[in-house]
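Data block below; observations after.
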Amino acid sequence: MAKRGRKADPLKARLAALTTDLMLIPGLSGHETRVRRALAAQLSELGIAHRSDRLGNLIATLEGEAGRPSVMLLAHMDQLGFVVRKIEANGLVRVERLGGVPERALPSQAVLFCVGEGRDRPGVIANKSHHATTPDEKYRVVPYAELYVDAGFASAAEVLAAGIDVGAPVVYQPRATTLANDRLAGTAVDDRAACAVVIEVARALRGSRRKPTIHFVFSVQEEFNLRGALAAAQALSPDIVIQLDLILATDTPDMATRGDVQLGAGPAMSLYSFHGRGTLNGTIPHPALVALFSATAAAEKITLQRSAHVGALTDSSYVQLVGAGVAAIDLGFPARYTHSSLEVCDLADLAELTRLVAGGIARIDGRFSLDRDDYDE
Ligand SMILES: [Zn+2]
């Protein structure tokens with residue numbers, strides 16, 4: 001599909017600016033406050049009231065027409081990273097991993113110790129000097145437990161004096177850069193790009209009276225345990241959860257056998273996800289929602305890509321089990337190099353995802369059935 005309105009598209013421009021802003025704000029799982037404040041300010045600017053719960057989930061509700069199933073639109077605010085595990089006497093710092101950190105891509109990464117706004121300290125994950133690397137070390141992935149972070153300190157006392165203690169959050173040094181063809185590379189594209197999309201969906205739907213009740217939820221601790229959103233879902237009891245996150249792009253040589261999801265070819269929906277590495281959970285979407293978004297994409301002339309694979313899951317897996325069950329679907333934007341320090345997405349996909357989600361939610365009317373017997377399989 002041709003890319004629509006490149007450059008002139010104000011939605012794309014807003015998504016570029018907000019995604020970039022959000023990627024530059026550190027927010028390790030369990031330490032999302034700075035990201036939450038930024039998103040709360042966005043909601044306030046739109047005139048939408050918001051609140052947060054005890055875990056730190058940010059929630060905003062737009063009341064809609066009675067009789068329509070209620071919707072929870074979900075994206076996670078947190079990002080993966082590390083916490084300080086041990087401070088060596090010589091000032092080097094050992095870290096524990098938090099979330100799905102790719103160990104083979106860690107040495108020589110820049111990181112940020114999150115001490116507090118204006119007090120954060122940069123560091124470098126050490127990579128053994130190449131001149132001293134032996135042949136058998138050359139192709140070995142160094143386990144994170146053997147790695148250390150050099151932040152320039154010469155003693156443990158200096159580390160502590162900088163406000164860095166055991167348990168301190170550490171993230172990849174936040175970065176964002178625009179590539180050719182309106183592609184965006186940055187830290188925590190997962191899931192700040194989707195947070196920006198949720199804000200734009202809220203902007204699109206806030207003035208409309210003909211809509212279901214929508215709870216916009218920016219969740220915490222997704223990269224940690226996938227369950228932060230549970231607290232919000234239990235409090236809100238939605239009928240439907242629409243979860244937005246990346247969908248693996250498979251159009252690079254290393255991903256070719258995994259599917260046909262192309263970066264820049266439009267948003268995607270997951271038809272099957274399963275973690276498959278110890279976590280017995282995933283999401284098989286409710287057929288009503290597959291039908292809804294397929295019809296919306298066709299009507300709005302949006303190319304909707306399809307994804308099905310083992311290896312990832314989102315917090316919709318847990319949200320769908322709340323109460324008597326919540327009809328769930330994972331929608332997203334294609335992304336490359338996931339969980340690396342620089343992930344890549346395409347702004348056109350974010351804009352089309354915004355249109356798909358806003359259009360789909362607006363179609364949820366009083367006759368919208370969540371009865372599985374109404375759908376053929
Ligand atoms: Zn994510």
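By convention here, the chains of the structure tokens are called A, B, ... in the order presented, each chain's residues are numbered starting at 1, and ligands are numbered starting at 1 in the order presented.
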At most 12 Å is the cut-off: for each residue in chain A with any atom that close to an atom of ligand 1, write down the nearest atom pair and the distance in Å rounded to one decimal, counting only C-alpha atoms and all ligand atoms, chain first then increasing number, as JSON lines.
{"residue": "A:Ser29", "atom": "CA", "partner": "ligand 1", "partner_atom_place_in_ligand_line": "1 (Zn)", "distance": 11.1}
{"residue": "A:Leu74", "atom": "CA", "partner": "ligand 1", "partner_atom_place_in_ligand_line": "1 (Zn)", "distance": 10.8}
{"residue": "A:Ala75", "atom": "CA", "partner": "ligand 1", "partner_atom_place_in_ligand_line": "1 (Zn)", "distance": 7.9}
{"residue": "A:His76", "atom": "CA", "partner": "ligand 1", "partner_atom_place_in_ligand_line": "1 (Zn)", "distance": 6.5}
{"residue": "A:Met77", "atom": "CA", "partner": "ligand 1", "partner_atom_place_in_ligand_line": "1 (Zn)", "distance": 8.6}
{"residue": "A:Asp78", "atom": "CA", "partner": "ligand 1", "partner_atom_place_in_ligand_line": "1 (Zn)", "distance": 8.2}
{"residue": "A:Gln79", "atom": "CA", "partner": "ligand 1", "partner_atom_place_in_ligand_line": "1 (Zn)", "distance": 7.6}
{"residue": "A:Leu80", "atom": "CA", "partner": "ligand 1", "partner_atom_place_in_ligand_line": "1 (Zn)", "distance": 9.0}
{"residue": "A:Gly99", "atom": "CA", "partner": "ligand 1", "partner_atom_place_in_ligand_line": "1 (Zn)", "distance": 10.3}
{"residue": "A:Gly100", "atom": "CA", "partner": "ligand 1", "partner_atom_place_in_ligand_line": "1 (Zn)", "distance": 10.2}
{"residue": "A:Thr187", "atom": "CA", "partner": "ligand 1", "partner_atom_place_in_ligand_line": "1 (Zn)", "distance": 11.9}
{"residue": "A:Ala188", "atom": "CA", "partner": "ligand 1", "partner_atom_place_in_ligand_line": "1 (Zn)", "distance": 8.3}
{"residue": "A:Val189", "atom": "CA", "partner": "ligand 1", "partner_atom_place_in_ligand_line": "1 (Zn)", "distance": 8.4}
{"residue": "A:Asp190", "atom": "CA", "partner": "ligand 1", "partner_atom_place_in_ligand_line": "1 (Zn)", "distance": 4.6}
{"residue": "A:Asp191", "atom": "CA", "partner": "ligand 1", "partner_atom_place_in_ligand_line": "1 (Zn)", "distance": 4.8}
{"residue": "A:Arg192", "atom": "CA", "partner": "ligand 1", "partner_atom_place_in_ligand_line": "1 (Zn)", "distance": 8.6}
{"residue": "A:Ala193", "atom": "CA", "partner": "ligand 1", "partner_atom_place_in_ligand_line": "1 (Zn)", "distance": 9.7}
{"residue": "A:Ala194", "atom": "CA", "partner": "ligand 1", "partner_atom_place_in_ligand_line": "1 (Zn)", "distance": 8.7}
{"residue": "A:Cys195", "atom": "CA", "partner": "ligand 1", "partner_atom_place_in_ligand_line": "1 (Zn)", "distance": 10.3}
{"residue": "A:Phe218", "atom": "CA", "partner": "ligand 1", "partner_atom_place_in_ligand_line": "1 (Zn)", "distance": 11.6}
{"residue": "A:Ser219", "atom": "CA", "partner": "ligand 1", "partner_atom_place_in_ligand_line": "1 (Zn)", "distance": 10.5}
{"residue": "A:Val220", "atom": "CA", "partner": "ligand 1", "partner_atom_place_in_ligand_line": "1 (Zn)", "distance": 10.7}
{"residue": "A:Gln221", "atom": "CA", "partner": "ligand 1", "partner_atom_place_in_ligand_line": "1 (Zn)", "distance": 10.1}
{"residue": "A:Glu222", "atom": "CA", "partner": "ligand 1", "partner_atom_place_in_ligand_line": "1 (Zn)", "distance": 6.9}
{"residue": "A:Glu223", "atom": "CA", "partner": "ligand 1", "partner_atom_place_in_ligand_line": "1 (Zn)", "distance": 6.7}
{"residue": "A:Phe224", "atom": "CA", "partner": "ligand 1", "partner_atom_place_in_ligand_line": "1 (Zn)", "distance": 10.4}
{"residue": "A:Asn225", "atom": "CA", "partner": "ligand 1", "partner_atom_place_in_ligand_line": "1 (Zn)", "distance": 11.5}
{"residue": "A:Leu226", "atom": "CA", "partner": "ligand 1", "partner_atom_place_in_ligand_line": "1 (Zn)", "distance": 9.3}
{"residue": "A:Gln243", "atom": "CA", "partner": "ligand 1", "partner_atom_place_in_ligand_line": "1 (Zn)", "distance": 9.9}
{"residue": "A:Leu244", "atom": "CA", "partner": "ligand 1", "partner_atom_place_in_ligand_line": "1 (Zn)", "distance": 8.3}
{"residue": "A:Asp245", "atom": "CA", "partner": "ligand 1", "partner_atom_place_in_ligand_line": "1 (Zn)", "distance": 5.2}
{"residue": "A:Leu246", "atom": "CA", "partner": "ligand 1", "partner_atom_place_in_ligand_line": "1 (Zn)", "distance": 6.3}
{"residue": "A:Ile247", "atom": "CA", "partner": "ligand 1", "partner_atom_place_in_ligand_line": "1 (Zn)", "distance": 9.1}
{"residue": "A:Leu248", "atom": "CA", "partner": "ligand 1", "partner_atom_place_in_ligand_line": "1 (Zn)", "distance": 10.8}
{"residue": "A:Ala312", "atom": "CA", "partner": "ligand 1", "partner_atom_place_in_ligand_line": "1 (Zn)", "distance": 9.2}
{"residue": "A:Leu313", "atom": "CA", "partner": "ligand 1", "partner_atom_place_in_ligand_line": "1 (Zn)", "distance": 8.6}
{"residue": "A:Thr314", "atom": "CA", "partner": "ligand 1", "partner_atom_place_in_ligand_line": "1 (Zn)", "distance": 6.8}
{"residue": "A:Asp315", "atom": "CA", "partner": "ligand 1", "partner_atom_place_in_ligand_line": "1 (Zn)", "distance": 8.9}
{"residue": "A:Ser316", "atom": "CA", "partner": "ligand 1", "partner_atom_place_in_ligand_line": "1 (Zn)", "distance": 11.1}
{"residue": "A:Asp330", "atom": "CA", "partner": "ligand 1", "partner_atom_place_in_ligand_line": "1 (Zn)", "distance": 11.0}
{"residue": "A:Leu331", "atom": "CA", "partner": "ligand 1", "partner_atom_place_in_ligand_line": "1 (Zn)", "distance": 11.5}
{"residue": "A:Gly332", "atom": "CA", "partner": "ligand 1", "partner_atom_place_in_ligand_line": "1 (Zn)", "distance": 9.8}
{"residue": "A:Phe333", "atom": "CA", "partner": "ligand 1", "partner_atom_place_in_ligand_line": "1 (Zn)", "distance": 11.0}
{"residue": "A:Pro334", "atom": "CA", "partner": "ligand 1", "partner_atom_place_in_ligand_line": "1 (Zn)", "distance": 11.9}
{"residue": "A:Ala335", "atom": "CA", "partner": "ligand 1", "partner_atom_place_in_ligand_line": "1 (Zn)", "distance": 10.6}
{"residue": "A:Thr338", "atom": "CA", "partner": "ligand 1", "partner_atom_place_in_ligand_line": "1 (Zn)", "distance": 9.0}
{"residue": "A:His339", "atom": "CA", "partner": "ligand 1", "partner_atom_place_in_ligand_line": "1 (Zn)", "distance": 8.7}
{"residue": "A:Glu343", "atom": "CA", "partner": "ligand 1", "partner_atom_place_in_ligand_line": "1 (Zn)", "distance": 11.4}
Q. Can you list every residue in segment 322-372 of chain A that DSSP puts in strand (DSSP E), as a count of residues only?
A. 13
**Q.** Pairwise distance for atom CA of Ile284 of chain A and atom CA of Leu271 of chain A, rounded to one decimal in Å
**A.**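 Taking atom CA of Ile284 of chain A and atom CA of Leu271 of chain A, their separation equals 6.0 Å.
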(Q) List the spatial neighbours of Ile164 of chain A as JSON, numbers by chain - criterion: any atom at most 12 Å away, only C-alpha atoms, same-chain residues fewer than 3 positions off excluded. (A) {"A": [83, 84, 85, 86, 87, 91, 92, 93, 94, 95, 112, 113, 114, 115, 116, 119, 120, 121, 122, 123, 151, 153, 156, 157, 158, 159, 160, 161, 167, 168, 169, 170]}
Q: Give the answer as one residue: which of A:Ala297, A:Val290, A:Ala38, A:Ala358 has the shortest atom-to-atom distance to Val197 of chain A, using only C-alpha atoms?
A: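 Between A:Ala297, A:Val290, A:Ala38, A:Ala358, the residue approaching Val197 of chain A most closely is A:Ala358.
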Q.
Give me the residues near Ala196 of chain A as an NGL selection string, where near means some atom within 9 Å (using only C-alpha atoms) and where sequence neighbours in that chain fewer than 2 positions away do not count.
A. :A and (14-16 or 18-19 or 22 or 39 or 191-194 or 198-201 or 350)
Convert the current residue selection to file output with N, CA and C atoms, as a short mmCIF file (atom, residue, chain, number, x, y, z; two decimals), in the first residue's frame.
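Resulting contents of result_8.cif:
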data_model
loop_
_atom_site.label_atom_id
_atom_site.label_comp_id
_atom_site.auth_asym_id
_atom_site.auth_seq_id
_atom_site.Cartn_x
_atom_site.Cartn_y
_atom_site.Cartn_z
N ARG A 14 2.74 14.27 15.01
CA ARG A 14 2.52 14.19 16.47
C ARG A 14 3.05 12.87 17.03
N LEU A 15 2.82 11.78 16.30
CA LEU A 15 3.32 10.48 16.77
C LEU A 15 4.84 10.46 16.82
N ALA A 16 5.47 11.08 15.84
CA ALA A 16 6.94 11.14 15.83
C ALA A 16 7.45 11.90 17.04
N LEU A 18 5.86 12.65 19.94
CA LEU A 18 5.54 12.07 21.25
C LEU A 18 6.31 10.78 21.49
N THR A 19 6.41 9.94 20.46
CA THR A 19 7.18 8.70 20.63
C THR A 19 8.62 9.04 20.99
N LEU A 22 8.84 10.31 24.58
CA LEU A 22 8.63 9.23 25.55
C LEU A 22 9.82 8.28 25.61
N LEU A 39 2.79 11.12 30.42
CA LEU A 39 1.54 10.72 29.78
C LEU A 39 0.35 11.39 30.44
N ASP A 191 7.43 0.07 24.87
CA ASP A 191 6.18 0.16 24.19
C ASP A 191 5.75 1.63 24.13
N ARG A 192 6.77 2.53 24.13
CA ARG A 192 6.43 3.96 24.13
C ARG A 192 5.73 4.35 22.84
N ALA A 193 6.06 3.69 21.72
CA ALA A 193 5.37 4.00 20.47
C ALA A 193 3.87 3.72 20.62
N ALA A 194 3.54 2.62 21.30
CA ALA A 194 2.12 2.30 21.50
C ALA A 194 1.47 3.26 22.50
N VAL A 198 -1.92 5.31 21.83
CA VAL A 198 -3.09 5.39 22.73
C VAL A 198 -3.49 6.84 22.95
N ILE A 199 -2.52 7.72 23.14
CA ILE A 199 -2.83 9.16 23.31
C ILE A 199 -3.55 9.69 22.07
N GLU A 200 -3.09 9.29 20.90
CA GLU A 200 -3.73 9.77 19.67
C GLU A 200 -5.13 9.18 19.47
N VAL A 201 -5.33 7.94 19.91
CA VAL A 201 -6.68 7.36 19.86
C VAL A 201 -7.60 8.13 20.81
N LEU A 350 2.49 3.40 12.76
CA LEU A 350 1.89 3.95 13.99
C LEU A 350 0.64 4.76 13.64
#
Q. Can you list, as a count of residues only, every protein, DNA or RNA residue that comes within 12 Å of Asp374 of chain A when you count only C-alpha atoms, leaving out same-chain residues fewer than 2 positions away?
A. 12
Q: List the neighbours of Val319 of chain A out to 12 Å using only C-alpha atoms; skip same-chain residues closer than 3 positions along the sequence, and give me the result as a PyMOL selection string.
A: chain A and resi 72-74+217+219+222+226-243+281-283+313-316+322-330
Q: Would you list, as a PyMOL selection string, the residues of segment 81-329 of chain A that end up in alpha helix (DSSP H) under DSSP run on this structure's backbone?
A: chain A and resi 135-138+156-161+189-205+222-225+228-236+287-300+316-319
